[in-house]
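Enquirer: Structure file coords-v2.pdb, PDB, C-alpha atoms, pLDDT in the B column, is pasted below:
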```pdb
ATOM      1  CA  MET R 465      56.616 185.036  51.188  1.00 86.00           C
ATOM      2  CA  ALA R 466      55.518 186.995  54.263  1.00 95.00           C
ATOM      3  CA  ALA R 467      51.816 187.294  55.015  1.00 97.00           C
ATOM      4  CA  LYS R 468      49.512 189.582  56.957  1.00 98.00           C
ATOM      5  CA  ILE R 469      46.397 188.018  58.405  1.00 98.00           C
ATOM      6  CA  LEU R 470      43.483 190.291  59.243  1.00 98.00           C
ATOM      7  CA  ILE R 471      41.161 188.846  61.880  1.00 97.00           C
ATOM      8  CA  LYS R 472      37.860 190.677  62.410  1.00 96.00           C
ATOM      9  CA  ARG R 473      35.461 190.255  65.304  1.00 96.00           C
ATOM     10  CA  MET R 474      32.359 191.973  66.628  1.00 94.00           C
ATOM     11  CA  VAL R 475      32.612 192.164  70.414  1.00 94.00           C
ATOM     12  CA  PRO R 476      29.591 193.082  72.535  1.00 93.00           C
ATOM     13  CA  LYS R 477      30.506 195.309  75.491  1.00 91.00           C
ATOM     14  CA  ASP R 478      29.374 192.683  78.010  1.00 95.00           C
ATOM     15  CA  LYS R 479      31.736 190.055  76.488  1.00 95.00           C
ATOM     16  CA  GLU R 480      34.933 192.151  76.382  1.00 92.00           C
ATOM     17  CA  ALA R 481      36.421 190.930  79.676  1.00 94.00           C
ATOM     18  CA  GLU R 482      35.814 187.244  78.976  1.00 95.00           C
ATOM     19  CA  LEU R 483      37.149 187.626  75.433  1.00 94.00           C
ATOM     20  CA  ALA R 484      40.294 189.362  76.704  1.00 93.00           C
ATOM     21  CA  VAL R 485      41.178 186.257  78.736  1.00 95.00           C
ATOM     22  CA  LEU R 486      40.813 183.998  75.684  1.00 96.00           C
ATOM     23  CA  LEU R 487      42.789 186.365  73.454  1.00 94.00           C
ATOM     24  CA  ARG R 488      45.678 186.522  75.946  1.00 94.00           C
ATOM     25  CA  GLU R 489      45.738 182.719  76.018  1.00 95.00           C
ATOM     26  CA  LEU R 490      45.761 182.655  72.220  1.00 95.00           C
ATOM     27  CA  ARG R 491      48.492 185.305  71.961  1.00 94.00           C
ATOM     28  CA  VAL R 492      50.825 183.444  74.335  1.00 94.00           C
ATOM     29  CA  LEU R 493      50.505 180.304  72.226  1.00 95.00           C
ATOM     30  CA  THR R 494      50.871 182.238  68.972  1.00 95.00           C
ATOM     31  CA  MET R 495      54.102 183.913  70.042  1.00 94.00           C
ATOM     32  CA  ASN R 496      55.771 180.520  70.373  1.00 92.00           C
ATOM     33  CA  ARG R 497      54.864 179.347  66.859  1.00 96.00           C
ATOM     34  CA  GLU R 498      57.472 179.058  64.145  1.00 96.00           C
ATOM     35  CA  GLY R 499      56.919 181.736  61.531  1.00 97.00           C
ATOM     36  CA  TYR R 500      55.086 184.186  63.788  1.00 97.00           C
ATOM     37  CA  ILE R 501      56.537 187.690  63.459  1.00 97.00           C
ATOM     38  CA  SER R 502      54.152 190.100  65.179  1.00 96.00           C
ATOM     39  CA  GLY R 503      50.581 190.978  65.996  1.00 95.00           C
ATOM     40  CA  GLU R 504      48.512 193.945  67.057  1.00 94.00           C
ATOM     41  CA  THR R 505      44.909 194.407  68.109  1.00 92.00           C
ATOM     42  CA  LEU R 506      42.934 197.486  67.104  1.00 94.00           C
ATOM     43  CA  LYS R 507      39.457 198.703  68.062  1.00 92.00           C
ATOM     44  CA  ARG R 508      37.518 200.490  65.344  1.00 94.00           C
ATOM     45  CA  PHE R 509      37.087 204.153  66.246  1.00 95.00           C
ATOM     46  CA  ASP R 510      33.794 204.779  64.452  1.00 96.00           C
ATOM     47  CA  LYS R 511      32.142 201.415  65.075  1.00 94.00           C
ATOM     48  CA  PRO R 512      32.128 200.345  68.750  1.00 92.00           C
ATOM     49  CA  GLY R 513      32.563 196.632  69.258  1.00 92.00           C
ATOM     50  CA  GLU R 514      34.464 195.945  66.054  1.00 94.00           C
ATOM     51  CA  SER R 515      38.039 194.783  66.507  1.00 94.00           C
ATOM     52  CA  LEU R 516      40.813 193.924  64.102  1.00 95.00           C
ATOM     53  CA  VAL R 517      43.899 191.818  64.746  1.00 95.00           C
ATOM     54  CA  ILE R 518      46.757 192.177  62.286  1.00 97.00           C
ATOM     55  CA  SER R 519      49.043 189.172  62.508  1.00 96.00           C
ATOM     56  CA  THR R 520      52.290 188.941  60.518  1.00 98.00           C
ATOM     57  CA  TRP R 521      53.761 185.578  59.562  1.00 98.00           C
ATOM     58  CA  SER R 522      56.796 184.443  57.585  1.00 97.00           C
ATOM     59  CA  SER R 523      54.508 182.513  55.240  1.00 97.00           C
ATOM     60  CA  VAL R 524      50.869 181.650  54.622  1.00 97.00           C
ATOM     61  CA  ASP R 525      51.737 177.973  55.126  1.00 97.00           C
ATOM     62  CA  GLN R 526      53.080 178.628  58.638  1.00 97.00           C
ATOM     63  CA  TRP R 527      49.944 180.576  59.514  1.00 97.00           C
ATOM     64  CA  ARG R 528      47.739 177.782  58.152  1.00 97.00           C
ATOM     65  CA  GLU R 529      49.600 175.234  60.293  1.00 97.00           C
ATOM     66  CA  TRP R 530      48.839 177.404  63.310  1.00 97.00           C
ATOM     67  CA  VAL R 531      45.222 178.158  62.429  1.00 96.00           C
ATOM     68  CA  LEU R 532      44.498 174.435  61.957  1.00 97.00           C
ATOM     69  CA  SER R 533      46.354 173.295  65.096  1.00 97.00           C
ATOM     70  CA  LYS R 534      44.302 171.572  67.804  1.00 97.00           C
ATOM     71  CA  GLU R 535      45.329 174.068  70.479  1.00 95.00           C
ATOM     72  CA  ARG R 536      44.226 177.065  68.403  1.00 96.00           C
ATOM     73  CA  VAL R 537      41.012 175.453  67.143  1.00 97.00           C
ATOM     74  CA  SER R 538      40.020 174.741  70.743  1.00 97.00           C
ATOM     75  CA  ILE R 539      40.396 178.376  71.807  1.00 97.00           C
ATOM     76  CA  GLN R 540      38.877 179.725  68.592  1.00 96.00           C
ATOM     77  CA  GLU R 541      35.761 177.608  69.079  1.00 96.00           C
ATOM     78  CA  ARG R 542      35.371 179.100  72.568  1.00 97.00           C
ATOM     79  CA  ILE R 543      35.758 182.622  71.146  1.00 97.00           C
ATOM     80  CA  ASP R 544      33.145 182.040  68.446  1.00 96.00           C
ATOM     81  CA  ARG R 545      30.706 180.523  70.972  1.00 96.00           C
ATOM     82  CA  LEU R 546      31.215 183.469  73.314  1.00 96.00           C
ATOM     83  CA  LEU R 547      30.607 186.046  70.576  1.00 96.00           C
ATOM     84  CA  GLY R 548      27.881 184.096  68.809  1.00 94.00           C
ATOM     85  CA  LEU R 549      29.551 184.755  65.454  1.00 91.00           C
ATOM     86  CA  GLU R 550      32.329 183.191  63.437  1.00 91.00           C
ATOM     87  CA  THR R 551      35.561 185.138  63.284  1.00 93.00           C
ATOM     88  CA  GLU R 552      36.420 186.523  59.840  1.00 94.00           C
ATOM     89  CA  TYR R 553      39.870 186.077  58.277  1.00 96.00           C
ATOM     90  CA  GLU R 554      41.556 187.792  55.348  1.00 97.00           C
ATOM     91  CA  ILE R 555      45.000 186.771  54.078  1.00 97.00           C
ATOM     92  CA  TYR R 556      47.315 189.243  52.341  1.00 97.00           C
ATOM     93  CA  THR R 557      50.819 188.679  50.985  1.00 95.00           C
ATOM     94  CA  TYR R 558      53.572 191.033  49.844  1.00 85.00           C
TER      95      TYR R 558
END
```
What is this file in structure tokens?

Expert:
Amino acid sequence: MAAKILIKRMVPKDKEAELAVLLRELRVLTMNREGYISGETLKRFDKPGESLVISTWSSVDQWREWVLSKERVSIQERIDRLLGLETEYEIYTY
């Protein structure tokens, strides 16, 4: 069953450039994962600094394999340290 993963982050203006580098690194790795379908990044119009990534996967299990992989955990830890907050995840299925 296909899944949509919503990934929310608060991004201070002074961290945007450094975060962009980490997110590009993460996206390149994600695109090569089995089960990955698509992803998009949105910035909230009425709340500066809030961003939302919508990631589509063939299954929740394939996303979980990715989210728990060493390569992703390494980058995610750097993102959370940079932002000073843990990234929030929501999982939706069809």

Enquirer: Leaving out R:Ile518 and any residue of its chain fewer than 6 positions from it, which residues lie within 6 Å of it when counting all atoms listed in the file, given as a short mmCIF file (atom, residue, chain, number, x, y, z; two decimals) with C-alpha atoms, in the frame of the given file?

Expert:
```cif
data_model
loop_
_atom_site.label_atom_id
_atom_site.label_comp_id
_atom_site.auth_asym_id
_atom_site.auth_seq_id
_atom_site.Cartn_x
_atom_site.Cartn_y
_atom_site.Cartn_z
CA ILE R 469 46.40 188.02 58.40
CA LEU R 470 43.48 190.29 59.24
CA GLY R 503 50.58 190.98 66.00
CA GLU R 504 48.51 193.94 67.06
#
```

Enquirer: Select, from R:Lys511, R:Lys468, R:Arg488, R:Arg542, the residue with the minimum atom-to-atom distance to R:Trp527, counting all atoms listed in the file.

Expert: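 Distance minimum relative to R:Trp527 lands on R:Lys468.
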
Enquirer: Using all atoms listed in the file, which residues sit within 12 Å of R:Glu541 once same-chain residues fewer than 5 positions away are excluded, as a ChimeraX atom specification?

Expert: /R:483,486,490,531-532,534-536,546-551

Enquirer: Fewer than 2 positions away in the same chain doesn't count, so skip those; otherwise give me all residues within 8 Å of R:Met474, counting only C-alpha atoms, as a list in words.

Expert: Lys472, Pro476, Gly513, Glu514, Ser515, Leu547 and Leu549 of chain R

Enquirer: From the set R:Ile501, R:Leu487, R:Met495, R:Ile555, which residue has the shortest atom-to-atom contact distance to R:Trp521, counting all atoms listed in the file?

Expert: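 Residue with the minimum atom-to-atom distance to R:Trp521: R:Ile501.
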
Enquirer: R:Phe509, R:Tyr553, R:Trp530, R:Tyr558: which is nearest R:Leu493, counting only C-alpha atoms?

Expert: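 Result for the nearest residue to R:Leu493: R:Trp530.
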
Enquirer: Mind telling me what the PyMOL selection byres ((chain R and resi 526) around 10) catches here, as a PyMOL selection string?

Expert: chain R and resi 466-467+497-500+521-525+527-531

Enquirer: Find, counting all atoms listed in the file, the residue in R:Thr557, R:Pro512, R:Asn496, R:Ser502 that gets nearest to R:Glu480.

Expert: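 Closest residue, counting all atoms listed in the file: R:Pro512.
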
Enquirer: Quick one, how far is atom CA of R:Tyr556 from atom CA of R:Val517?

Expert: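 Computing it gives 13.1 Å between the two atoms.
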
Enquirer: I'd like to know which of R:Thr494, R:Leu516, R:Thr505, R:Lys479 is closest to R:Glu552, using all atoms listed in the file.

Expert: R:Leu516

Enquirer: What gap, in Å, lies between atom CA of R:Asp544 and atom CA of R:Asp510?

Expert: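 Computing it gives 23.1 Å between the two atoms.
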
Enquirer: As lines of an AutoDock Vina configuration file, please report the centre and edge lengths, rounded to one decimal in Å, of the axis-aligned box that holds all listed atoms of stretch 467-475 of chain R with 6 Å of padding on each of the six sides.

Expert:
```
center_x = 42.1
center_y = 189.7
center_z = 62.7
size_x = 31.5
size_y = 16.9
size_z = 27.4
```

Enquirer: Between atom CA of R:Val492 and atom CA of R:Met465, what is the distance in Å, rounded to a tenth?

Expert: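 Taking atom CA of R:Val492 and atom CA of R:Met465, their separation equals 23.9 Å.
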
Enquirer: Between R:Glu554, R:Ser519, R:Arg545, R:Glu489, which residue has the minimum interatomic distance to R:Leu506, considering only C-alpha atoms?

Expert: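 Comparing R:Glu554, R:Ser519, R:Arg545, R:Glu489 against R:Leu506, the winner is R:Ser519.
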